[in-house]
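*Asks:* For reference, the file coords11.tsv (TSV, C-alpha atoms) is included below:
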chain	number	residue	atom	x	y	z
M	1	MET	CA	130.78	-53.41	32.89
M	2	ILE	CA	133.06	-51.38	30.63
M	3	PRO	CA	131.32	-51.69	27.23
M	4	ILE	CA	133.19	-52.54	24.04
M	5	ALA	CA	131.31	-49.69	22.32
M	6	LYS	CA	129.27	-46.76	23.57
M	7	PRO	CA	127.32	-44.65	21.07
M	8	ILE	CA	127.26	-41.00	22.12
M	9	ILE	CA	123.90	-39.36	21.47
M	10	GLY	CA	123.57	-36.10	23.41
M	11	LYS	CA	121.32	-33.09	23.65
M	12	GLU	CA	122.60	-31.58	20.40
M	13	GLU	CA	121.55	-34.68	18.48
M	14	GLN	CA	118.20	-34.78	20.28
M	15	ASP	CA	117.53	-31.11	19.47
M	16	ALA	CA	118.45	-31.70	15.82
M	17	ILE	CA	115.96	-34.59	15.62
M	18	LEU	CA	113.17	-32.48	17.12
M	19	GLU	CA	113.92	-29.67	14.70
M	20	VAL	CA	113.45	-32.05	11.76
M	21	ILE	CA	110.24	-33.48	13.18
M	22	ASN	CA	108.83	-29.99	13.66
M	23	SER	CA	109.82	-28.99	10.12
M	24	GLY	CA	107.68	-31.70	8.51
M	25	GLN	CA	110.43	-32.48	5.96
M	26	LEU	CA	111.53	-35.95	7.00
M	27	VAL	CA	113.01	-37.68	3.94
M	28	GLN	CA	115.58	-36.58	1.30
M	29	GLY	CA	115.37	-32.95	2.33
M	30	ALA	CA	117.85	-30.16	2.98
M	31	ARG	CA	119.60	-31.96	5.84
M	32	VAL	CA	120.42	-34.98	3.70
M	33	GLN	CA	121.90	-32.68	1.07
M	34	GLU	CA	123.94	-30.78	3.65
M	35	PHE	CA	125.15	-34.02	5.23
M	36	GLU	CA	126.27	-35.31	1.84
M	37	LYS	CA	128.11	-32.06	1.13
M	38	ARG	CA	129.91	-32.14	4.49
M	39	PHE	CA	130.82	-35.82	4.15
M	40	ALA	CA	132.29	-35.25	0.69
M	41	GLN	CA	134.47	-32.51	2.19
M	42	LEU	CA	135.65	-34.92	4.91
M	43	CYS	CA	136.85	-37.34	2.24
M	44	GLY	CA	138.21	-34.74	-0.15
M	45	VAL	CA	135.90	-35.75	-3.02
M	46	GLU	CA	133.27	-34.12	-5.20
M	47	HIS	CA	130.23	-36.30	-4.54
M	48	ALA	CA	128.58	-38.09	-1.60
M	49	ILE	CA	125.38	-40.13	-1.78
M	50	ALA	CA	123.64	-41.07	1.47
M	51	THR	CA	122.06	-44.51	1.72
M	52	SER	CA	120.22	-46.62	4.25
M	53	SER	CA	123.28	-48.61	5.45
M	54	GLY	CA	126.90	-49.40	4.74
M	55	THR	CA	125.81	-52.63	3.08
M	56	THR	CA	123.44	-50.86	0.68
M	57	ALA	CA	126.21	-48.36	-0.06
M	58	LEU	CA	128.50	-51.21	-1.15
M	59	HIS	CA	125.71	-52.81	-3.18
M	60	ILE	CA	124.85	-49.61	-5.02
M	61	ALA	CA	128.50	-48.69	-5.59
M	62	LEU	CA	129.19	-51.94	-7.45
M	63	LEU	CA	126.04	-51.52	-9.54
M	64	ALA	CA	126.96	-47.91	-10.31
M	65	HIS	CA	130.29	-49.17	-11.68
M	66	GLU	CA	128.40	-51.71	-13.83
M	67	ILE	CA	129.95	-54.71	-12.10
M	68	GLY	CA	127.78	-57.76	-12.59
M	69	ALA	CA	127.40	-61.34	-13.81
M	70	GLY	CA	130.66	-63.05	-14.67
M	71	ASP	CA	132.85	-60.35	-13.09
M	72	GLU	CA	135.30	-61.05	-10.27
M	73	VAL	CA	135.82	-58.73	-7.30
M	74	ILE	CA	138.99	-59.25	-5.24
M	75	THR	CA	138.48	-58.51	-1.56
M	76	SER	CA	139.57	-59.46	1.95
M	77	PRO	CA	138.45	-62.65	3.69
M	78	PHE	CA	138.96	-60.94	7.05
M	79	SER	CA	136.07	-58.52	7.37
M	80	PHE	CA	132.36	-58.36	8.11
M	81	ILE	CA	130.56	-60.55	5.61
M	82	ALA	CA	128.92	-57.62	3.78
M	83	SER	CA	132.27	-56.82	2.12
M	84	ALA	CA	132.00	-59.98	0.05
M	85	ASN	CA	128.22	-60.36	-0.06
M	86	CYS	CA	127.86	-57.12	-2.02
M	87	ALA	CA	129.59	-58.83	-4.96
M	88	LEU	CA	127.08	-61.68	-4.80
M	89	TYR	CA	124.21	-59.18	-4.74
M	90	VAL	CA	125.21	-58.04	-8.25
M	91	ASP	CA	125.84	-61.62	-9.49
M	92	ALA	CA	129.61	-61.13	-9.44
M	93	HIS	CA	132.10	-63.53	-7.85
M	94	PRO	CA	134.06	-62.58	-4.71
M	95	VAL	CA	137.70	-63.65	-4.83
M	96	PHE	CA	139.64	-63.64	-1.57
M	97	ALA	CA	143.24	-62.46	-1.23
M	98	ASP	CA	144.99	-63.06	2.09
M	99	ILE	CA	145.82	-60.27	4.55
M	100	GLU	CA	148.96	-58.66	5.94
M	101	PRO	CA	149.31	-60.16	9.44
M	102	ASP	CA	150.67	-56.95	10.98
M	103	TYR	CA	147.81	-54.74	9.83
M	104	PHE	CA	144.89	-57.15	9.12
M	105	THR	CA	144.33	-55.49	5.72
M	106	ILE	CA	144.46	-57.05	2.26
M	107	ASN	CA	147.96	-57.86	0.98
M	108	PRO	CA	148.61	-56.18	-2.40
M	109	VAL	CA	151.01	-58.97	-3.41
M	110	GLU	CA	148.21	-61.50	-2.90
M	111	VAL	CA	145.77	-59.27	-4.82
M	112	GLU	CA	147.92	-59.40	-7.95
M	113	LYS	CA	148.23	-63.17	-7.73
M	114	HIS	CA	144.45	-63.50	-8.01
M	115	ILE	CA	143.87	-61.31	-11.08
M	116	THR	CA	142.31	-63.07	-14.06
M	117	PRO	CA	140.71	-61.87	-17.31
M	118	ARG	CA	137.41	-61.76	-15.39
M	119	THR	CA	138.66	-59.45	-12.64
M	120	LYS	CA	136.72	-56.17	-12.72
M	121	ALA	CA	137.33	-54.57	-9.32
M	122	ILE	CA	139.42	-54.53	-6.15
M	123	LEU	CA	137.50	-53.98	-2.93
M	124	PRO	CA	140.06	-53.23	-0.18
M	125	VAL	CA	138.76	-53.11	3.40
M	126	HIS	CA	140.22	-50.46	5.73
M	127	LEU	CA	139.71	-52.71	8.73
M	128	TYR	CA	139.42	-51.39	12.30
M	129	GLY	CA	140.15	-47.86	11.02
M	130	GLN	CA	143.56	-48.82	9.57
M	131	ALA	CA	144.17	-47.79	5.95
M	132	CYS	CA	145.10	-50.48	3.45
M	133	ASP	CA	148.41	-50.06	1.63
M	134	MET	CA	146.85	-48.06	-1.21
M	135	ASP	CA	149.91	-47.13	-3.33
M	136	PRO	CA	150.53	-50.67	-4.63
M	137	ILE	CA	146.79	-51.31	-4.88
M	138	LEU	CA	146.40	-48.20	-7.06
M	139	GLU	CA	149.32	-49.35	-9.21
M	140	ILE	CA	147.75	-52.80	-9.67
M	141	ALA	CA	144.42	-51.20	-10.59
M	142	ARG	CA	146.07	-48.94	-13.18
M	143	LYS	CA	148.11	-51.80	-14.62
M	144	HIS	CA	145.07	-54.03	-15.11
M	145	ASN	CA	142.43	-51.33	-15.70
M	146	LEU	CA	140.44	-52.24	-12.59
M	147	THR	CA	137.88	-50.32	-10.56
M	148	ILE	CA	138.61	-49.62	-6.89
M	149	VAL	CA	135.70	-49.64	-4.44
M	150	GLU	CA	136.99	-48.94	-0.93
M	151	ASP	CA	135.18	-50.50	2.00
M	152	ALA	CA	135.74	-47.64	4.44
M	153	CYS	CA	132.87	-48.66	6.70
M	154	GLN	CA	135.19	-48.57	9.74
M	155	ALA	CA	137.49	-45.75	8.64
M	156	HIS	CA	135.76	-42.37	9.12
M	157	GLY	CA	138.57	-39.82	9.04
M	158	ALA	CA	141.45	-42.26	8.53
M	159	VAL	CA	144.41	-40.99	6.48
M	160	TYR	CA	146.89	-42.75	4.18
M	161	LYS	CA	150.12	-40.82	3.58
M	162	GLY	CA	148.42	-37.46	3.91
M	163	ARG	CA	145.40	-38.40	1.80
M	164	PRO	CA	141.93	-39.13	3.25
M	165	VAL	CA	140.74	-42.70	3.07
M	166	GLY	CA	137.79	-42.72	0.70
M	167	SER	CA	139.49	-40.60	-1.96
M	168	PHE	CA	141.26	-43.40	-3.88
M	169	GLY	CA	138.23	-44.60	-5.84
M	170	THR	CA	134.59	-44.91	-5.04
M	171	ALA	CA	134.29	-45.58	-1.29
M	172	CYS	CA	131.57	-46.72	1.09
M	173	TYR	CA	130.97	-45.93	4.75
M	174	SER	CA	128.71	-47.34	7.44
M	175	LEU	CA	126.97	-45.03	9.90
M	176	TYR	CA	125.73	-47.81	12.17
M	177	ALA	CA	125.29	-47.14	15.88
M	178	THR	CA	128.73	-48.40	16.97
M	179	LYS	CA	130.82	-46.61	14.32
M	180	ASN	CA	133.08	-43.63	15.08
M	181	ILE	CA	130.16	-41.42	14.08
M	182	THR	CA	126.61	-42.61	13.65
M	183	THR	CA	123.25	-41.70	12.19
M	184	ILE	CA	121.83	-44.68	14.16
M	185	GLU	CA	121.69	-46.56	10.84
M	186	GLY	CA	122.89	-45.37	7.46
M	187	GLY	CA	125.60	-45.39	4.85
M	188	MET	CA	127.45	-43.13	2.45
M	189	ILE	CA	129.03	-43.50	-1.00
M	190	VAL	CA	131.75	-41.01	-1.94
M	191	THR	CA	133.34	-40.57	-5.37
M	192	ASN	CA	134.94	-38.12	-7.79
M	193	ASP	CA	133.19	-39.79	-10.73
M	194	ALA	CA	130.13	-37.72	-11.69
M	195	GLN	CA	128.59	-40.55	-13.72
M	196	VAL	CA	128.94	-43.02	-10.85
M	197	ALA	CA	127.40	-40.48	-8.47
M	198	GLU	CA	124.44	-39.85	-10.80
M	199	ARG	CA	123.77	-43.56	-11.21
M	200	ALA	CA	124.09	-44.17	-7.45
M	201	ARG	CA	121.48	-41.48	-6.77
M	202	LEU	CA	119.12	-43.14	-9.25
M	203	LEU	CA	119.62	-46.62	-7.83
M	204	ARG	CA	119.02	-45.65	-4.19
M	205	SER	CA	115.60	-44.19	-5.06
M	206	HIS	CA	113.72	-46.57	-7.39
M	207	GLY	CA	115.70	-45.51	-10.47
M	208	SER	CA	113.84	-42.21	-10.38
M	209	PRO	CA	115.45	-38.88	-11.39
M	210	ARG	CA	112.19	-37.07	-10.64
M	211	THR	CA	108.83	-37.91	-9.08
M	212	TYR	CA	107.06	-40.84	-10.77
M	213	GLU	CA	109.58	-41.13	-13.61
M	214	HIS	CA	111.69	-44.29	-13.50
M	215	VAL	CA	114.56	-44.78	-15.90
M	216	ALA	CA	116.32	-47.75	-14.25
M	217	LEU	CA	115.59	-50.67	-11.93
M	218	GLY	CA	116.35	-49.13	-8.56
M	219	PHE	CA	115.80	-49.75	-4.87
M	220	ASN	CA	114.45	-48.01	-1.80
M	221	MET	CA	117.82	-47.45	-0.12
M	222	ARG	CA	117.51	-43.81	0.93
M	223	THR	CA	118.23	-42.23	4.27
M	224	THR	CA	116.09	-39.69	6.13
M	225	ASP	CA	116.51	-36.12	7.34
M	226	LEU	CA	116.27	-37.48	10.88
M	227	ASN	CA	119.36	-39.61	10.29
M	228	ALA	CA	121.16	-36.82	8.47
M	229	ALA	CA	120.45	-34.34	11.27
M	230	ILE	CA	122.19	-36.66	13.73
M	231	GLY	CA	125.06	-37.15	11.30
M	232	LEU	CA	125.62	-33.41	10.87
M	233	VAL	CA	126.01	-32.97	14.61
M	234	GLN	CA	128.31	-35.97	14.86
M	235	LEU	CA	130.55	-34.77	12.04
M	236	ASN	CA	131.42	-31.74	14.17
M	237	LYS	CA	132.72	-34.10	16.86
M	238	LEU	CA	134.53	-36.66	14.70
M	239	GLN	CA	138.00	-35.15	14.89
M	240	LYS	CA	137.82	-34.80	18.68
M	241	TRP	CA	136.49	-38.34	19.11
M	242	ASN	CA	139.11	-39.84	16.77
M	243	SER	CA	141.84	-38.03	18.72
M	244	ALA	CA	140.49	-39.51	21.95
M	245	ARG	CA	140.51	-42.98	20.39
M	246	ARG	CA	144.13	-42.57	19.30
M	247	GLU	CA	145.12	-41.37	22.77
M	248	ASN	CA	143.35	-44.30	24.41
M	249	ALA	CA	144.96	-46.72	21.95
M	250	ALA	CA	148.44	-45.28	22.63
M	251	TYR	CA	147.96	-45.63	26.39
M	252	LEU	CA	146.76	-49.22	26.03
M	253	SER	CA	149.65	-50.15	23.73
M	254	THR	CA	152.30	-48.59	25.95
M	255	ASN	CA	151.16	-50.77	28.84
M	256	LEU	CA	150.01	-53.93	27.07
M	257	GLU	CA	153.06	-54.40	24.84
M	258	LYS	CA	155.05	-55.33	27.96
M	259	ILE	CA	152.85	-58.35	28.66
M	260	PRO	CA	154.08	-61.71	27.28
M	261	GLY	CA	151.60	-63.29	24.88
M	262	VAL	CA	149.98	-59.99	23.88
M	263	VAL	CA	150.62	-58.37	20.48
M	264	VAL	CA	149.36	-54.79	20.30
M	265	PRO	CA	148.09	-53.27	17.01
M	266	LYS	CA	150.61	-51.71	14.66
M	267	VAL	CA	149.97	-48.47	12.76
M	268	ARG	CA	151.05	-48.33	9.14
M	269	LYS	CA	153.91	-45.83	8.65
M	270	GLY	CA	152.72	-42.43	7.48
M	271	CYS	CA	149.06	-43.20	8.22
M	272	GLU	CA	146.49	-42.09	10.78
M	273	HIS	CA	144.64	-45.03	12.33
M	274	ILE	CA	141.29	-43.94	13.82
M	275	PHE	CA	140.82	-47.08	15.96
M	276	HIS	CA	137.26	-48.01	15.28
M	277	GLN	CA	138.48	-51.13	17.04
M	278	TYR	CA	141.55	-51.61	19.21
M	279	THR	CA	142.43	-55.20	18.39
M	280	ILE	CA	145.22	-57.19	19.98
M	281	ARG	CA	146.43	-60.69	19.24
M	282	ILE	CA	146.49	-62.83	22.35
M	283	GLN	CA	147.29	-66.43	23.25
M	284	ASN	CA	144.34	-68.55	24.39
M	285	ARG	CA	141.99	-65.89	23.00
M	286	ASP	CA	138.66	-67.53	23.84
M	287	THR	CA	139.66	-68.16	27.46
M	288	ALA	CA	140.96	-64.61	27.78
M	289	ALA	CA	137.73	-63.19	26.34
M	290	GLN	CA	135.62	-65.16	28.79
M	291	LYS	CA	137.68	-64.09	31.79
M	292	LEU	CA	137.67	-60.44	30.74
M	293	ARG	CA	133.89	-60.47	30.44
M	294	GLU	CA	133.62	-62.11	33.86
M	295	LYS	CA	135.74	-59.26	35.25
M	296	GLY	CA	133.48	-56.63	33.69
M	297	VAL	CA	135.46	-55.77	30.56
M	298	GLY	CA	133.42	-55.87	27.36
M	299	VAL	CA	135.35	-57.40	24.47
M	300	GLY	CA	134.62	-58.31	20.86
M	301	ILE	CA	135.99	-60.82	18.39
M	302	HIS	CA	136.26	-59.24	14.96
M	303	TYR	CA	136.11	-61.78	13.36
M	304	PRO	CA	135.98	-65.38	14.65
M	305	THR	CA	135.50	-66.93	11.20
M	306	PRO	CA	136.99	-65.62	7.93
M	307	ILE	CA	134.40	-65.12	5.21
M	308	HIS	CA	135.70	-67.94	3.02
M	309	LEU	CA	135.14	-70.39	5.91
M	310	GLN	CA	131.60	-69.24	6.67
M	311	PRO	CA	129.04	-72.06	6.17
M	312	PHE	CA	127.30	-70.18	3.36
M	313	TYR	CA	130.54	-69.68	1.43
M	314	LYS	CA	131.47	-73.32	1.90
M	315	GLN	CA	128.12	-74.16	0.33
M	316	LEU	CA	129.13	-71.99	-2.63
M	317	GLY	CA	132.23	-74.14	-3.07
M	318	TYR	CA	134.95	-71.97	-1.57
M	319	THR	CA	137.94	-74.08	-0.52
M	320	ASP	CA	140.61	-71.36	-0.24
M	321	SER	CA	143.50	-71.72	2.18
M	322	LEU	CA	144.28	-68.25	3.52
M	323	PRO	CA	146.62	-68.83	6.46
M	324	ASN	CA	147.06	-65.25	7.66
M	325	ALA	CA	143.33	-64.57	7.85
M	326	GLU	CA	142.72	-67.94	9.51
M	327	ALA	CA	145.43	-67.35	12.13
M	328	ALA	CA	144.08	-63.89	12.88
M	329	SER	CA	140.58	-65.25	13.41
M	330	ARG	CA	141.92	-67.50	16.18
M	331	GLU	CA	143.88	-64.77	17.98
M	332	VAL	CA	142.22	-61.35	17.61
M	333	LEU	CA	140.49	-59.70	20.55
M	334	SER	CA	139.03	-56.19	20.47
M	335	LEU	CA	139.19	-54.12	23.67
M	336	PRO	CA	137.28	-50.95	24.56
M	337	VAL	CA	138.85	-47.83	23.03
M	338	HIS	CA	135.88	-45.47	22.62
M	339	PRO	CA	135.99	-41.78	23.68
M	340	SER	CA	133.86	-42.30	26.81
M	341	LEU	CA	136.58	-44.29	28.59
M	342	THR	CA	138.26	-42.75	31.61
M	343	ARG	CA	141.89	-43.28	32.59
M	344	SER	CA	140.55	-45.43	35.42
M	345	ASP	CA	138.73	-47.60	32.88
M	346	LEU	CA	141.88	-48.01	30.81
M	347	ASP	CA	143.94	-48.91	33.88
M	348	TYR	CA	141.35	-51.49	34.88
M	349	ILE	CA	141.47	-53.06	31.42
M	350	ILE	CA	145.28	-53.17	31.50
M	351	ASN	CA	145.47	-54.61	35.03
M	352	THR	CA	142.82	-57.22	34.26
M	353	ILE	CA	144.81	-58.45	31.27
M	354	LYS	CA	147.97	-58.54	33.40
M	355	GLU	CA	146.16	-60.78	35.85
M	356	LEU	CA	145.45	-63.27	33.07
In C-alpha cells, write the structure found in this file.
*Replies:*
Amino acid sequence: MIPIAKPIIGKEEQDAILEVINSGQLVQGARVQEFEKRFAQLCGVEHAIATSSGTTALHIALLAHEIGAGDEVITSPFSFIASANCALYVDAHPVFADIEPDYFTINPVEVEKHITPRTKAILPVHLYGQACDMDPILEIARKHNLTIVEDACQAHGAVYKGRPVGSFGTACYSLYATKNITTIEGGMIVTNDAQVAERARLLRSHGSPRTYEHVALGFNMRTTDLNAAIGLVQLNKLQKWNSARRENAAYLSTNLEKIPGVVVPKVRKGCEHIFHQYTIRIQNRDTAAQKLREKGVGVGIHYPTPIHLQPFYKQLGYTDSLPNAEAASREVLSLPVHPSLTRSDLDYIINTIKEL
C-alpha cells in the first residue's frame, strides 16, 4: 500500500527526544522557547506561541483578540471542522462564505457579501497548502475594521506573492502527525501584535504570568519540550520536504491532466503551494477512491461534507446554500504526494488512475 501520508521521524528526532528526557526539563523549557523563535522567523513575524494543537491555537487566538458572544466570524465551509468550531468555543457565530472552485479557498467577493454590523473577524483557511487570495481579504478587513486570523494549519512555508503565509494577521498552525512538519501533536500561534501574544501566553497556561499567580481565566493548552525538540529538527527539513512535495505534485499534474474526467490542482499565480494535500477533482469520486484503495493506493477525501452541512451545524440551524463548497465535497480526492514517494510510486499512482 502506498500511504496517503507518511510521517518522517528519524534518528535525529529520536536523539533530540532522548536529550530532553535526560535533561529533566520536560515542559515549557528552553526548547519550547527556541522552537517559538525559529517558527516566528519562518513566518516573518515577531511572536510565536506554542500550544497543544492547531485547534487550541485557533481557540486561543480568537480569545486573545477579544472575540466573543454576539460577534460573527466569517470563514470557509470547506475545511476541517475546527476552523468553524473555534468561533463557537468563544460564543461567537461562524458565518460561511463560499469558496473559489479553482483553489478551494474562501472567495473574497463572498466574504464581503456576508459582512454585517456584528462581523468582528475574517478567518481565511489556506487549504491543502494553497494560500488564500489575501490582497482583497486585507482590503476588506481594513475597510470594515476587522481582525484577520489565518487558519494556516496546512500551510507551513506557503508563500503569497513573496510574503510568508502567517504574516497577514494572527495565524495558527497545526503540528499534527500528518502535517508537512510535526511535533506528533501541537500547534502554534504567530503574530506581530505584542498584546495579542502576551494574552495568548497567559491563556495557554491557566492565565498565569508567573507561578501560582493567575490574572485571567486560562487553560492548560501548553506544549512540551519533547514536542518542541522534534519540531526543531523538523524545521531544518521543511524546505527540502516542501520542495519534494512540489516536485511530486508537478509530476502528477503533468501526467494526470491528460486523463479525461480528472482536474488537477491549480496554483494561484505568484504563490508557492506547499501541497500538504494533492487534491484532484474526479468524476465518480467514491467509486474511484474505492478502486484505488483496492489497488494499493491510499487516498483521502478532504472533505466529504462541508461544515455547514454537518449534522451538528444543521442542529444549530444552518441552512446555507454554498454551491461551490458542496460541489467540491462530491468531487475532491487527495492522492499521495509526501516526500517519501519514489518515482515508481508516482508512476503506479498515475497508471492506476489511467486504468480507471
*Asks:* Interatomic distance between CA of Asn85 in chain M and CA of Thr119 in chain M?
*Replies:* 16.4 Å
*Asks:* Please identify every residue of range 16-75 of chain M that has at least one atom no farther than 10 Å from an atom of range 162-182 of chain M, counting all atoms listed in the file, and for each give the shortest atom pair and the distance in Å to one decimal, arranged by chain then increasing number, as JSON lines.
*Replies:*
{"residue": "M:Ala40", "atom": "CA", "partner": "M:Gly166", "partner_atom": "CA", "distance": 9.3}
{"residue": "M:Leu42", "atom": "CA", "partner": "M:Pro164", "partner_atom": "CA", "distance": 7.7}
{"residue": "M:Cys43", "atom": "CA", "partner": "M:Pro164", "partner_atom": "CA", "distance": 5.5}
{"residue": "M:Gly44", "atom": "CA", "partner": "M:Ser167", "partner_atom": "CA", "distance": 6.3}
{"residue": "M:Val45", "atom": "CA", "partner": "M:Ser167", "partner_atom": "CA", "distance": 6.1}
{"residue": "M:Glu46", "atom": "CA", "partner": "M:Ser167", "partner_atom": "CA", "distance": 9.5}
{"residue": "M:His47", "atom": "CA", "partner": "M:Thr170", "partner_atom": "CA", "distance": 9.7}
{"residue": "M:Ala48", "atom": "CA", "partner": "M:Ala171", "partner_atom": "CA", "distance": 9.4}
{"residue": "M:Ile49", "atom": "CA", "partner": "M:Cys172", "partner_atom": "CA", "distance": 9.5}
{"residue": "M:Ala50", "atom": "CA", "partner": "M:Tyr173", "partner_atom": "CA", "distance": 9.4}
{"residue": "M:Thr51", "atom": "CA", "partner": "M:Ser174", "partner_atom": "CA", "distance": 9.2}
{"residue": "M:Ser52", "atom": "CA", "partner": "M:Leu175", "partner_atom": "CA", "distance": 8.9}
{"residue": "M:Ser53", "atom": "CA", "partner": "M:Ser174", "partner_atom": "CA", "distance": 5.9}
{"residue": "M:Gly54", "atom": "CA", "partner": "M:Ser174", "partner_atom": "CA", "distance": 3.8}
{"residue": "M:Thr55", "atom": "CA", "partner": "M:Ser174", "partner_atom": "CA", "distance": 7.4}
{"residue": "M:Thr56", "atom": "CA", "partner": "M:Cys172", "partner_atom": "CA", "distance": 9.1}
{"residue": "M:Ala57", "atom": "CA", "partner": "M:Cys172", "partner_atom": "CA", "distance": 5.7}
{"residue": "M:Leu58", "atom": "CA", "partner": "M:Cys172", "partner_atom": "CA", "distance": 5.9}
{"residue": "M:His59", "atom": "CA", "partner": "M:Cys172", "partner_atom": "CA", "distance": 9.5}
{"residue": "M:Ile60", "atom": "CA", "partner": "M:Cys172", "partner_atom": "CA", "distance": 9.5}
{"residue": "M:Ala61", "atom": "CA", "partner": "M:Thr170", "partner_atom": "CA", "distance": 7.2}
{"residue": "M:Leu62", "atom": "CA", "partner": "M:Thr170", "partner_atom": "CA", "distance": 9.2}
{"residue": "M:Ala64", "atom": "CA", "partner": "M:Thr170", "partner_atom": "CA", "distance": 9.7}
{"residue": "M:His65", "atom": "CA", "partner": "M:Thr170", "partner_atom": "CA", "distance": 9.0}
*Asks:* For a test of reading the model, state the distance in Å between CA of Phe104 in chain M and CA of Val297 in chain M, rounded to one decimal.
*Replies:*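 Distance between the two atoms: 23.5 Å.
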*Asks:* Give me the range 81-147 of chain M side of the contact with range 303-313 of chain M, cut-off 10 Å, one line per residue showing its nearest atom pair and distance in Å at one decimal, counting all atoms listed in the file, sorted by chain and residue number, as CSV.
*Replies:*
residue,atom,partner,partner_atom,distance
M:Ile81,CA,M:Ile307,CA,6.0
M:Ala82,CA,M:Ile307,CA,9.4
M:Ser83,CA,M:Ile307,CA,9.1
M:Ala84,CA,M:Ile307,CA,7.7
M:Asn85,CA,M:Ile307,CA,9.4
M:Pro94,CA,M:His308,CA,9.5
M:Val95,CA,M:His308,CA,9.2
M:Phe96,CA,M:His308,CA,7.4
*Asks:* So the first atom is CA of Ser334 in chain M and the second is CA of Ala249 in chain M; what is the distance between them in Å, to one decimal place?
*Replies:*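 According to the coordinates, CA of Ser334 in chain M and CA of Ala249 in chain M are separated by 11.3 Å.
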*Asks:* Which is closest to Arg31 in chain M among M:Arg330, M:Pro101, M:Ala16, M:Leu346, if we use only C-alpha atoms?
*Replies:*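 Among M:Arg330, M:Pro101, M:Ala16, M:Leu346, it is M:Ala16 that comes nearest to Arg31 in chain M.
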